[in-house]
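Below is one structure, written out as structure tokens; comments come after it.
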Protein chains: 2
Amino acid sequence: MRALPFTAVTINDRFWAPRQKTNSEATIPHELTQCETTGRVDNFAKAAGLMSGNFEGIFFNDSDVHKWVEAASYTLWTHPNPAWEAELDAVIAKIAASQQSDGYLNTYFTLVEPTKRWQNLGMMHELYCAGHLFEAGVAHYQATGKQTLLDVACRFADLIDRTFGFDKRDGLPGHEGIELALVKLARVTGEPRYMALAEYFVTRRGHSPSVFEKELENPDLPGGLGAYQHHFTRDGKFEGHYAQAHLPIQEQRECVGHAVRAMYLYSGAADIAYETGDTAITNALEALWQNVGKRLYITGGVGPSGHNEGFTRDYELPNFSAYAETCASIGLIFWAHRMFLLREDSRFVDVLETALYNGALSGISLDGTGFFYQNPLASHGDRQRHEWFGCACCPPNIARLLASVGQYIYAESDEGLYVNLYVGSTADAIAARNVPVRLTQETDYPWAGDVTLTITPARPVPFTLNLRIPGWCDQFEVRINGEADNSQLSAAGYLSITREWCAGDRVELQLSMPVVRVHAHPLVRENLGRSALRRGPIVYCFEEADNPDGTFQTLSLANNNNGLETTFDSDLLGGVTVIRGTGSVLNDTEWEDNLYLTAPTAKQIDVTAIPYYAWCNRGTGKMAVWVF
Amino acid sequence: MRALPFTAVTINDRFWAPRQKTNSEATIPHELTQCETTGRVDNFAKAAGLMSGNFEGIFFNDSDVHKWVEAASYTLWTHPNPAWEAELDAVIAKIAASQQSDGYLNTYFTLVEPTKRWQNLGMMHELYCAGHLFEAGVAHYQATGKQTLLDVACRFADLIDRTFGFDKRDGLPGHEGIELALVKLARVTGEPRYMALAEYFVTRRGHSPSVFEKELENPDLPGGLGAYQHHFTRDGKFEGHYAQAHLPIQEQRECVGHAVRAMYLYSGAADIAYETGDTAITNALEALWQNVGKRLYITGGVGPSGHNEGFTRDYELPNFSAYAETCASIGLIFWAHRMFLLREDSRFVDVLETALYNGALSGISLDGTGFFYQNPLASHGDRQRHEWFGCACCPPNIARLLASVGQYIYAESDEGLYVNLYVGSTADAIAARNVPVRLTQETDYPWAGDVTLTITPARPVPFTLNLRIPGWCDQFEVRINGEADNSQLSAAGYLSITREWCAGDRVELQLSMPVVRVHAHPLVRENLGRSALRRGPIVYCFEEADNPDGTFQTLSLANNNNGLETTFDSDLLGGVTVIRGTGSVLNDTEWEDNLYLTAPTAKQIDVTAIPYYAWCNRGTGKMAVWVF
């Protein structure tokens with residue numbers, strides 16, 4: 001199973017294509033400006049000796065630039081622009097110039113603590129930043145064909161490979177990410193050392209004695225011991241959970257610690273399991289997937305707690321205080337995609353789709369220049385979007401996701417093609433190992449469930465077309481060239497149509513997409529008695545802008561099971577389907593002097609729900625996903 | 001307005017009389033045994049030089065013995081018992097023997113830090129323990145006529161009066177209680193110095209410079225600075241809220257800090273306002289009462305947080321983690337009673353009654369020997385009653401409340417008599433300033449709302465009989481000598497019947513007592529969408545013992561507005577009216593592998609609710625007051 005890469009897919013729908021345009025025209029320039037004005041780009045020039053001055057900002061700021069380069073590279077593929085290509089090349093030139101003669105590349109250590117490389121792997125993010133450099137190098141090469149940054153990445157990867165390994169120095173990233181990056185680098189270069197190094201990082205982790213436990217004994221640690229001890233010890237003893245370093249990956253069964261780290265580790269581990277067929281890792285990932293299924297916001301957010309930016313306990317999913325970092329939902333998309341490739345099962349794509357359309361997409365404003373780091377599911381009106389953050393991981397992460405979303409739509413195996421996401425697009429695949437096939441998909445998804453696929457193989461060819469029937473969909477119909485098809489839904493969640501496909505074959509899929517009220521597990525305390533509105537993959541919320549009295553705390557739709565209407569409003573929030581109906585709220589006035597009442601009265605009000613991803617685009621205001 | 005004292009009232013109903021009997025026969029002996037086996041009684045013997053050995057236990061353990069003496073004294077009045085009177089006298093003899101030649105009495109300081117008296121008023125509870133000694137001395141005198149302990153109390157009060165005051169040394173109790181105790185002592189002895197000292201403690205509090213702020217500067221503080229700083233400073237600066245020492249009482253508007261301390265202060269302040277007519281204090285107490293009305297559990301519990309054993313914010317009333325200390329509900333009863341005496345309004349008695357029948361009474365087991373310190377409104381099954389506590393304030397506090405509950409039933413003013421609680425009893429009052437009246441009350445309250453009062457004045461006499469119509473009661477009827485009476489309900493919540501009363505006059509009151517579903521203010525987050533069952537003054541709960549599947553988290557009575565039936569079950573929990581009906585719970589099984597479902601199914605179940613006060617008398621188990 002292989003995903004069709006972003007270079008094989010052109011999105012032309014009215015949902016994602018405008019987002020990719022905004023990403024290209026607003027987000028990418030905005031983020032470069034931020035990287036420039038905050039000294040992030042200059043750090044490379046300074047490390048290269050091209051300008052004078054001290055390192056500015058947080059020690060892992062390089063990674064933001066790398067992620068921006070990755071995002072900008074994808075964007076150059078979807079929206080070629082010579083002026084921007086020159087801008088990108090100029091940034092890459094500074095990154096390349098900052099590389100040390102032995103391949104090392106990290107502006108913080110080069111400028112601030114040059115003698116202390118690799119001494120604080122747990123907290124100082126050198127390997128994490130390296131991973132983002134590798135991903136940037138691969139993306140730049142794939143998008144432009146230029147090897148400038150890829151060569152830089154390989155030189156650094158070679159240094160890391162010379163330095164760390166089972167028979168070399170013991171080392172691990174405190175913040176994962178380099179694992180999946182090395183897999184990308186190995187695949188694009190064909191260099192098996194990079195894959196072996198990725199496997200080393202994945203499988204060394206969690207074994208005793210811990211790399212991190214040893215680092216904690218160093219009183220002269222670069223960056224200092226304080227934060228390290230805070231995250232990696234409890235009651236004075238080493239505890240690796242924060243960075244998933246508590247157990248070998250094969251023995252892990254519970255999603256723990258910092259959520260972004262966890263998602264990146266599980267993604268890298270899934271890559272390794274895919275490459276090696278290691279069933280112990282696969283079984284562990286299946287167990288972790290089962291577990292994340294008890295720790296997942298309806299939006300696809302993960303990691304409820306700000307304390308560790310990560311996981312807590314099963315079913316602990318508070319709404320107002322939900323951390324649900326944008327990067328964590330993006331990481332969940334990475335992991336889910338790799339689980340699909342490993343297991344060929346649509347249940348992983350269900351979660352990918354949920355996170356993509358909700359908990360990740362909420363992380364960026366409609367105009368492309370406002371960001372959420374946290375994605376709560378309810379707000380007292382005290383939340384706002386920010387143009388940037390001191391710790392700016394999320395903005396370039398969502399930019400690279402949007403620019404490369406094409407890679408999640410289709411996949412191909414030797415036996416057939418997979419349509420995982422319904423996005424108006426064209427894609428070029430290979431069927432039956434050697435026959436080029438063009439797929440054309442027309443749909444107004446996610447606002448409608450009608451999808452038309454046109455199959456154009458270079459010559460008639462038998463293969464299986466696997467259409468994902470989303471987990472949210474209870475009713476669907478499919479027609480092939482106008483005739484009803486009676487293919488059965490597979491256990492893996494696909495409608496698999498095997499036939500000889502000829503040019504112009506037309507598959508029409510109708511996914512029934514009613515508004516449904518979703519209930520949460522009874523152990524999710526804050527949602528007891530409540531439900532959330534969902535239609536297709538879109539989770540809805542009530543926002544003060546549409547519901548001026550904003551009394552969402554008591555809002556009830558209990559008497560309105562059948563009275564919710566949907567309307568596509570092209571003028572609202574970039575074009576969204578809204579849900580309207582009548583609800584009821586308690587009468588505020590009678591509560592002024594009463595703490596308890598035996599017969600509180602309610603008043604009927606008209607309410608409007610909007611897609612969750614679009615909230616907080618009209619100033620601050622109260623918001624709620626879960627209502628009574 | 002004067003309350004009829006416990007000595008003027010004999011309870012003979014089937015609710016409180018059996019509890020007073022159990023209190024006398026089980027609780028009082030049990031608590032003495034606990035005080036003995038934990039060294040609490042021996043501490044007095046040691047301080048008196050009657051035995052050798054070190055001080056044992058916590059520094060304020062004297063207060064537990066004082067409270068036990070108070071409780072035992074009341075009990076000797078209701079249940080005379082020469083053997084027990086001798087036991088009590090023996091304990092009192094040890095207390096008296098421990099008194100120092102100058103009147104000082106505190107075994108911790110006498111035995112452990114004899115040179116450090118009065119140096120840590122904020123945390124070491126010398127004045128608090130003194131207050132409980134005074135209350136014990138007064139109760140013992142009232143119940144038995146003996147002055148042994150009263151004299152001890154007066155000698156100590158005289159020392160405190162010589163020591164502290166506006167023109168003497170500056171001092172205040174960190175834990176209040178001595179204020180209301182000095183008022184009792186002043187009233188029983190007629191000594192104005194005690195009243196003046198109480199007024200000093202009430203009115204000095206909260207003024208700057210603070211006694212406590214000065215103590216915090218003492219590096220050699222007895223007991224140490226750690227706990228003091230924890231409770232009395234924030235960010236290194238003095239903050240008096242924990243002990244209500246942040247503002248002068250006249251300026252206080254918000255219930256803050258440690259709840260028991262707050263209740264005792266407000267009680268003492270109400271006593272002073274009653275004595276002095278100080279309207280600034282009265283106005284402050286009215287504002288504080290308004291405020292506690294936003295911080296009051298439906299059970300009459302106050303102080304939701306274990307962190308400060310006290311108050312947090314308006315409407316913050318979590319159920320599972322409710323601290324709601326037994327002592328705090330008892331303190332609320334003290335305060336409410338004094339507010340009634342001060343303001344002559346039944347709204348205070350409504351709260352008194354709620355706390356008495358629910359949040360205070362839940363603090364003791366039906367057999368009289370198991371106690372709650374905390375009184376949560378929901379439990380996962382992890383709560384149990386304890387026979388005693390290291391910090392044992394609650395057990396003797398509930399014992400003294402039960403033994404003296406008679407004092408809350410009736411009151412008399414120059415114009416008339418007040419019936420505040422409906423409790424089968426006889427009482428001797430004085431009407432129209434000089435005519436003795438015997439009141440006989442027959443009722444099966446709280447299980448029924450029918451009350452028959454027989455009025456027996458020594459001679460026919462005109463006065464007003466004020467019958468409290470409880471705040472929970474929407475419908476009532478009254479008949480006098482068999483004829484309907486059309487007296488109107490006053491703004492103060494009384495049905496005031498003015499006539500010439502003759503011996504044998506019979507007043508029949510019928511209070512309609514349906515089961516009602518009570519809803520909480522929408523800002524009480526945990527109760528959103530839920531309601532609690534109440535009948536008359538009794539708040540109900542669902543307990544696992546009666547509802548074996550214990551799925552209270554999803555229990556809904558939404559479809560059962562009219563199907564709740566009440567039955568008095570004399571064999572259950574000492575005889576209680578239970579509420580039975582059908583409810584529904586979500587089907588657990590379908591949630592095993594699902595975090596979210598669009599159409600969860602519910603199953604109908606039979607449910608039984610019992611009085612909240614009676615929970616956790618059949619082993620541990622889940623419990624919930626608020627259900628959907």
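By convention here, the chains of the structure tokens are called A, B, ... in the order presented, each chain's residues are numbered starting at 1, and ligands are numbered starting at 1 in the order presented.
Residues of chain B having any atom within 8 Å of chain A, counting only C-alpha atoms, are Gly293, Lys294, Leu296, Ile298, Val516, Arg517, Val518, His519, Ala520, His521, Pro522, Leu523, Glu526, Leu528, Gly529, Gln553, Thr554, Leu586, Trp591, Asn594, Leu595, Tyr596, Leu597, Thr598, Ala599, Pro600 and Phe628 of chain B.
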Output of the above residues as a PDB file, in the first residue's frame, restricted to N, CA and C atoms:
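Result file follows (selection_5.pdb):
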```pdb
ATOM      1  N   GLY B 293     -25.578  32.256  50.077  1.00  0.00           N
ATOM      2  CA  GLY B 293     -26.657  31.726  49.256  1.00  0.00           C
ATOM      3  C   GLY B 293     -26.236  31.388  47.846  1.00  0.00           C
ATOM      4  N   LYS B 294     -25.039  31.792  47.459  1.00  0.00           N
ATOM      5  CA  LYS B 294     -24.492  31.403  46.151  1.00  0.00           C
ATOM      6  C   LYS B 294     -23.418  30.332  46.294  1.00  0.00           C
ATOM      7  N   LEU B 296     -23.828  27.456  48.562  1.00  0.00           N
ATOM      8  CA  LEU B 296     -24.462  26.528  49.498  1.00  0.00           C
ATOM      9  C   LEU B 296     -24.901  25.273  48.757  1.00  0.00           C
ATOM     10  N   ILE B 298     -27.094  22.005  48.190  1.00  0.00           N
ATOM     11  CA  ILE B 298     -28.515  21.771  48.451  1.00  0.00           C
ATOM     12  C   ILE B 298     -28.719  21.082  49.789  1.00  0.00           C
ATOM     13  N   VAL B 516     -40.323  16.838  45.115  1.00  0.00           N
ATOM     14  CA  VAL B 516     -40.055  17.822  44.063  1.00  0.00           C
ATOM     15  C   VAL B 516     -38.665  17.586  43.489  1.00  0.00           C
ATOM     16  N   ARG B 517     -38.521  18.011  42.255  1.00  0.00           N
ATOM     17  CA  ARG B 517     -37.202  17.925  41.619  1.00  0.00           C
ATOM     18  C   ARG B 517     -36.597  19.316  41.629  1.00  0.00           C
ATOM     19  N   VAL B 518     -35.477  19.439  42.260  1.00  0.00           N
ATOM     20  CA  VAL B 518     -34.837  20.741  42.446  1.00  0.00           C
ATOM     21  C   VAL B 518     -33.735  20.897  41.405  1.00  0.00           C
ATOM     22  N   HIS B 519     -33.689  22.063  40.801  1.00  0.00           N
ATOM     23  CA  HIS B 519     -32.654  22.373  39.810  1.00  0.00           C
ATOM     24  C   HIS B 519     -31.700  23.404  40.394  1.00  0.00           C
ATOM     25  N   ALA B 520     -30.456  23.317  39.999  1.00  0.00           N
ATOM     26  CA  ALA B 520     -29.453  24.254  40.514  1.00  0.00           C
ATOM     27  C   ALA B 520     -29.201  25.370  39.505  1.00  0.00           C
ATOM     28  N   HIS B 521     -28.733  26.472  40.017  1.00  0.00           N
ATOM     29  CA  HIS B 521     -28.375  27.625  39.185  1.00  0.00           C
ATOM     30  C   HIS B 521     -27.496  27.169  38.006  1.00  0.00           C
ATOM     31  N   PRO B 522     -27.755  27.717  36.834  1.00  0.00           N
ATOM     32  CA  PRO B 522     -26.999  27.260  35.651  1.00  0.00           C
ATOM     33  C   PRO B 522     -25.481  27.432  35.783  1.00  0.00           C
ATOM     34  N   LEU B 523     -25.035  28.247  36.675  1.00  0.00           N
ATOM     35  CA  LEU B 523     -23.584  28.394  36.817  1.00  0.00           C
ATOM     36  C   LEU B 523     -22.961  27.304  37.697  1.00  0.00           C
ATOM     37  N   GLU B 526     -21.520  21.345  37.487  1.00  0.00           N
ATOM     38  CA  GLU B 526     -21.711  19.889  37.575  1.00  0.00           C
ATOM     39  C   GLU B 526     -23.175  19.494  37.595  1.00  0.00           C
ATOM     40  N   LEU B 528     -25.594  20.980  35.759  1.00  0.00           N
ATOM     41  CA  LEU B 528     -26.315  21.372  34.552  1.00  0.00           C
ATOM     42  C   LEU B 528     -27.083  20.181  33.992  1.00  0.00           C
ATOM     43  N   GLY B 529     -28.333  20.417  33.711  1.00  0.00           N
ATOM     44  CA  GLY B 529     -29.156  19.363  33.136  1.00  0.00           C
ATOM     45  C   GLY B 529     -29.690  18.372  34.156  1.00  0.00           C
ATOM     46  N   GLN B 553     -24.238   7.792  36.994  1.00  0.00           N
ATOM     47  CA  GLN B 553     -23.700   8.833  36.120  1.00  0.00           C
ATOM     48  C   GLN B 553     -24.662   9.153  34.982  1.00  0.00           C
ATOM     49  N   THR B 554     -25.387   8.156  34.521  1.00  0.00           N
ATOM     50  CA  THR B 554     -26.302   8.418  33.407  1.00  0.00           C
ATOM     51  C   THR B 554     -27.760   8.295  33.822  1.00  0.00           C
ATOM     52  N   LEU B 586     -28.159   4.626  30.492  1.00  0.00           N
ATOM     53  CA  LEU B 586     -27.609   4.202  29.210  1.00  0.00           C
ATOM     54  C   LEU B 586     -27.183   2.737  29.315  1.00  0.00           C
ATOM     55  N   TRP B 591     -21.089   0.754  25.057  1.00  0.00           N
ATOM     56  CA  TRP B 591     -20.030   1.753  25.180  1.00  0.00           C
ATOM     57  C   TRP B 591     -18.645   1.131  25.316  1.00  0.00           C
ATOM     58  N   ASN B 594     -16.753   1.994  22.230  1.00  0.00           N
ATOM     59  CA  ASN B 594     -17.106   3.236  21.552  1.00  0.00           C
ATOM     60  C   ASN B 594     -16.914   4.423  22.480  1.00  0.00           C
ATOM     61  N   LEU B 595     -16.292   5.433  21.943  1.00  0.00           N
ATOM     62  CA  LEU B 595     -16.184   6.680  22.703  1.00  0.00           C
ATOM     63  C   LEU B 595     -17.356   7.598  22.362  1.00  0.00           C
ATOM     64  N   TYR B 596     -17.829   7.515  21.123  1.00  0.00           N
ATOM     65  CA  TYR B 596     -18.948   8.347  20.681  1.00  0.00           C
ATOM     66  C   TYR B 596     -19.978   7.485  19.957  1.00  0.00           C
ATOM     67  N   LEU B 597     -21.241   7.757  20.222  1.00  0.00           N
ATOM     68  CA  LEU B 597     -22.325   7.040  19.555  1.00  0.00           C
ATOM     69  C   LEU B 597     -23.401   8.039  19.162  1.00  0.00           C
ATOM     70  N   THR B 598     -24.042   7.773  18.025  1.00  0.00           N
ATOM     71  CA  THR B 598     -25.097   8.707  17.606  1.00  0.00           C
ATOM     72  C   THR B 598     -26.446   8.345  18.199  1.00  0.00           C
ATOM     73  N   ALA B 599     -26.643   7.101  18.523  1.00  0.00           N
ATOM     74  CA  ALA B 599     -27.960   6.737  19.053  1.00  0.00           C
ATOM     75  C   ALA B 599     -27.820   5.761  20.211  1.00  0.00           C
ATOM     76  N   PRO B 600     -27.244   6.246  21.316  1.00  0.00           N
ATOM     77  CA  PRO B 600     -27.115   5.341  22.451  1.00  0.00           C
ATOM     78  C   PRO B 600     -28.495   4.937  22.954  1.00  0.00           C
ATOM     79  N   PHE B 628     -29.957  13.100  36.072  1.00  0.00           N
ATOM     80  CA  PHE B 628     -30.573  13.762  34.912  1.00  0.00           C
ATOM     81  C   PHE B 628     -32.083  13.608  34.910  1.00  0.00           C
TER      82      PHE B 628
END
```
| field | Residue list (strand (DSSP E), DSSP) for range 312-526 of chain B, as a ChimeraX atom specification | value | /B:378-380,410-412,416-419,425-431,435-443,450-457,461-468,476-480,483-484,494-501,505-511,515-520
| request: Might you pull out every residue within 9 Å of Thr567 in chain A, with only C-alpha atoms counted and same-chain residues fewer than 6 positions away left off, and present them as a list in words? | output: Val576, Thr577, Val578, Ile579 and Arg580 of chain A
| message | Which residues are near Leu572 in chain A? Cut-off 12 Å, only C-alpha atoms, ignore same chain within fewer than 4 positions. Put them as a PyMOL selection string. | response | chain A and resi 366+545-546+567-568+576-578+609-611+614-615+617-618
| task | Would you list the contacts of Leu4 in chain A as a ChimeraX atom specification, taking every protein, DNA or RNA residue within 8 Å and counting only C-alpha atoms, but skipping same-chain residues closer than 3 positions in sequence? | result | /A:7-9,407-412,427-429
| said: Need to verify the contact set: Ile480 in chain A, 10 Å, only C-alpha atoms, exclusion of same-chain residues closer than 4 positions in sequence. Can you return it as a PyMOL selection string? | reply: chain A and resi 452-454+484-486+497+505-509
Write the residues you've just listed into a file as a CSV table (one decimal), in the first residue's frame, and include all heavy atoms for each of them.
```csv
chain,number,residue,atom,x,y,z
A,452,THR,N,-18.7,11.9,-7.6
A,452,THR,CA,-18.6,11.2,-8.9
A,452,THR,C,-17.2,11.0,-9.2
A,452,THR,O,-16.4,12.0,-9.2
A,452,THR,CB,-19.3,12.1,-10.0
A,452,THR,OG1,-20.7,12.3,-9.7
A,452,THR,CG2,-19.2,11.4,-11.4
A,453,LEU,N,-16.8,9.8,-9.5
A,453,LEU,CA,-15.4,9.4,-9.9
A,453,LEU,C,-15.4,9.0,-11.3
A,453,LEU,O,-16.3,8.2,-11.8
A,453,LEU,CB,-14.9,8.3,-9.0
A,453,LEU,CG,-14.7,8.6,-7.6
A,453,LEU,CD1,-14.7,7.4,-6.7
A,453,LEU,CD2,-13.3,9.3,-7.4
A,454,THR,N,-14.5,9.6,-12.1
A,454,THR,CA,-14.3,9.1,-13.4
A,454,THR,C,-12.9,8.4,-13.5
A,454,THR,O,-11.9,9.0,-13.1
A,454,THR,CB,-14.4,10.3,-14.4
A,454,THR,OG1,-15.6,11.1,-14.1
A,454,THR,CG2,-14.3,9.8,-15.8
A,484,ALA,N,-27.0,0.6,-10.6
A,484,ALA,CA,-26.7,0.3,-9.2
A,484,ALA,C,-25.7,-0.9,-9.0
A,484,ALA,O,-25.8,-1.9,-9.8
A,484,ALA,CB,-28.1,-0.1,-8.5
A,485,ASP,N,-24.9,-0.7,-8.1
A,485,ASP,CA,-23.9,-1.7,-7.8
A,485,ASP,C,-24.2,-2.4,-6.5
A,485,ASP,O,-24.6,-1.7,-5.6
A,485,ASP,CB,-22.5,-1.1,-7.8
A,485,ASP,CG,-21.4,-2.1,-7.5
A,485,ASP,OD1,-21.0,-2.8,-8.5
A,485,ASP,OD2,-21.0,-2.2,-6.4
A,486,ASN,N,-24.0,-3.7,-6.4
A,486,ASN,CA,-24.3,-4.3,-5.2
A,486,ASN,C,-23.1,-4.9,-4.4
A,486,ASN,O,-23.2,-5.8,-3.7
A,486,ASN,CB,-25.3,-5.5,-5.4
A,486,ASN,CG,-24.8,-6.5,-6.4
A,486,ASN,OD1,-23.7,-6.4,-6.9
A,486,ASN,ND2,-25.6,-7.5,-6.7
A,497,ILE,N,-14.9,-2.5,-5.5
A,497,ILE,CA,-15.5,-2.8,-6.8
A,497,ILE,C,-14.4,-3.4,-7.7
A,497,ILE,O,-13.5,-2.6,-8.1
A,497,ILE,CB,-16.1,-1.6,-7.4
A,497,ILE,CG1,-17.1,-0.9,-6.3
A,497,ILE,CG2,-16.9,-1.9,-8.7
A,497,ILE,CD1,-17.5,0.5,-6.7
A,505,ASP,N,-15.2,5.3,-17.4
A,505,ASP,CA,-16.1,4.7,-16.4
A,505,ASP,C,-16.4,5.6,-15.3
A,505,ASP,O,-15.5,6.4,-14.8
A,505,ASP,CB,-15.4,3.4,-15.8
A,505,ASP,CG,-15.6,2.2,-16.8
A,505,ASP,OD1,-16.4,2.3,-17.7
A,505,ASP,OD2,-15.0,1.2,-16.5
A,506,ARG,N,-17.7,5.6,-14.9
A,506,ARG,CA,-18.2,6.6,-14.0
A,506,ARG,C,-18.8,6.0,-12.8
A,506,ARG,O,-19.7,5.1,-12.9
A,506,ARG,CB,-19.2,7.4,-14.8
A,506,ARG,CG,-19.8,8.7,-14.2
A,506,ARG,CD,-20.8,9.3,-15.2
A,506,ARG,NE,-21.6,10.3,-14.5
A,506,ARG,CZ,-21.2,11.5,-14.3
A,506,ARG,NH1,-20.1,12.0,-14.8
A,506,ARG,NH2,-22.0,12.4,-13.7
A,507,VAL,N,-18.3,6.3,-11.6
A,507,VAL,CA,-18.8,5.8,-10.4
A,507,VAL,C,-19.4,6.9,-9.6
A,507,VAL,O,-18.8,7.9,-9.3
A,507,VAL,CB,-17.6,5.1,-9.5
A,507,VAL,CG1,-18.2,4.6,-8.2
A,507,VAL,CG2,-16.9,4.0,-10.3
A,508,GLU,N,-20.7,6.7,-9.3
A,508,GLU,CA,-21.4,7.7,-8.5
A,508,GLU,C,-21.7,7.1,-7.1
A,508,GLU,O,-22.4,6.1,-7.0
A,508,GLU,CB,-22.7,8.1,-9.2
A,508,GLU,CG,-22.5,8.9,-10.5
A,508,GLU,CD,-23.7,8.9,-11.3
A,508,GLU,OE1,-24.2,7.8,-11.8
A,508,GLU,OE2,-24.3,10.0,-11.5
A,509,LEU,N,-21.2,7.8,-6.1
A,509,LEU,CA,-21.4,7.4,-4.7
A,509,LEU,C,-22.3,8.4,-4.0
A,509,LEU,O,-22.0,9.6,-4.2
A,509,LEU,CB,-20.0,7.3,-4.0
A,509,LEU,CG,-20.0,6.9,-2.6
A,509,LEU,CD1,-20.6,5.5,-2.3
A,509,LEU,CD2,-18.6,7.1,-2.0
```
| Could you name the residues that touch Asn61 in chain B at 9 Å or less, counting only C-alpha atoms, but leaving out those on the same chain fewer than 2 positions away, as a list in words? | Cys35, Arg40, Asn43, Glu56, Gly57, Ile58, Phe59, Ser63, Asp64, Val65, Thr107, Tyr108, Cys129, Cys391, Ala392 and Cys393 of chain B
Could you write those residues out with C-alpha atoms, as a compact mmCIF listing (two decimals), in the first residue's frame?
```
# COMPACT_ATOMS: atom_id res chain seq x y z
CA CYS B 35 -10.63 10.55 73.61
CA ARG B 40 -6.67 13.27 74.70
CA ASN B 43 -3.09 15.11 78.24
CA GLU B 56 0.04 13.13 72.68
CA GLY B 57 -1.63 14.02 69.39
CA ILE B 58 -2.38 17.31 67.71
CA PHE B 59 -1.87 20.58 69.53
CA SER B 63 -10.94 21.12 72.04
CA ASP B 64 -12.26 17.65 71.20
CA VAL B 65 -12.55 16.83 74.90
CA THR B 107 -2.32 21.05 77.70
CA TYR B 108 -0.19 21.40 74.58
CA CYS B 129 -9.61 25.70 72.58
CA CYS B 391 -8.19 15.82 63.57
CA ALA B 392 -11.40 14.91 65.39
CA CYS B 393 -13.38 18.14 65.36
```
| task | Check range 261-472 of chain A with DSSP on the backbone and list each residue it calls alpha helix (DSSP H), as a PyMOL selection string. | result | chain A and resi 261-276+279-292+326-343+346-354+394-403
| task | Would you mind telling me which residue in B:Gly449, B:Pro436, B:Pro114, B:Gly381 lies nearest to Met623 in chain B when using only C-alpha atoms? | result |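 Under the stated criterion, the closest residue is B:Gly381.
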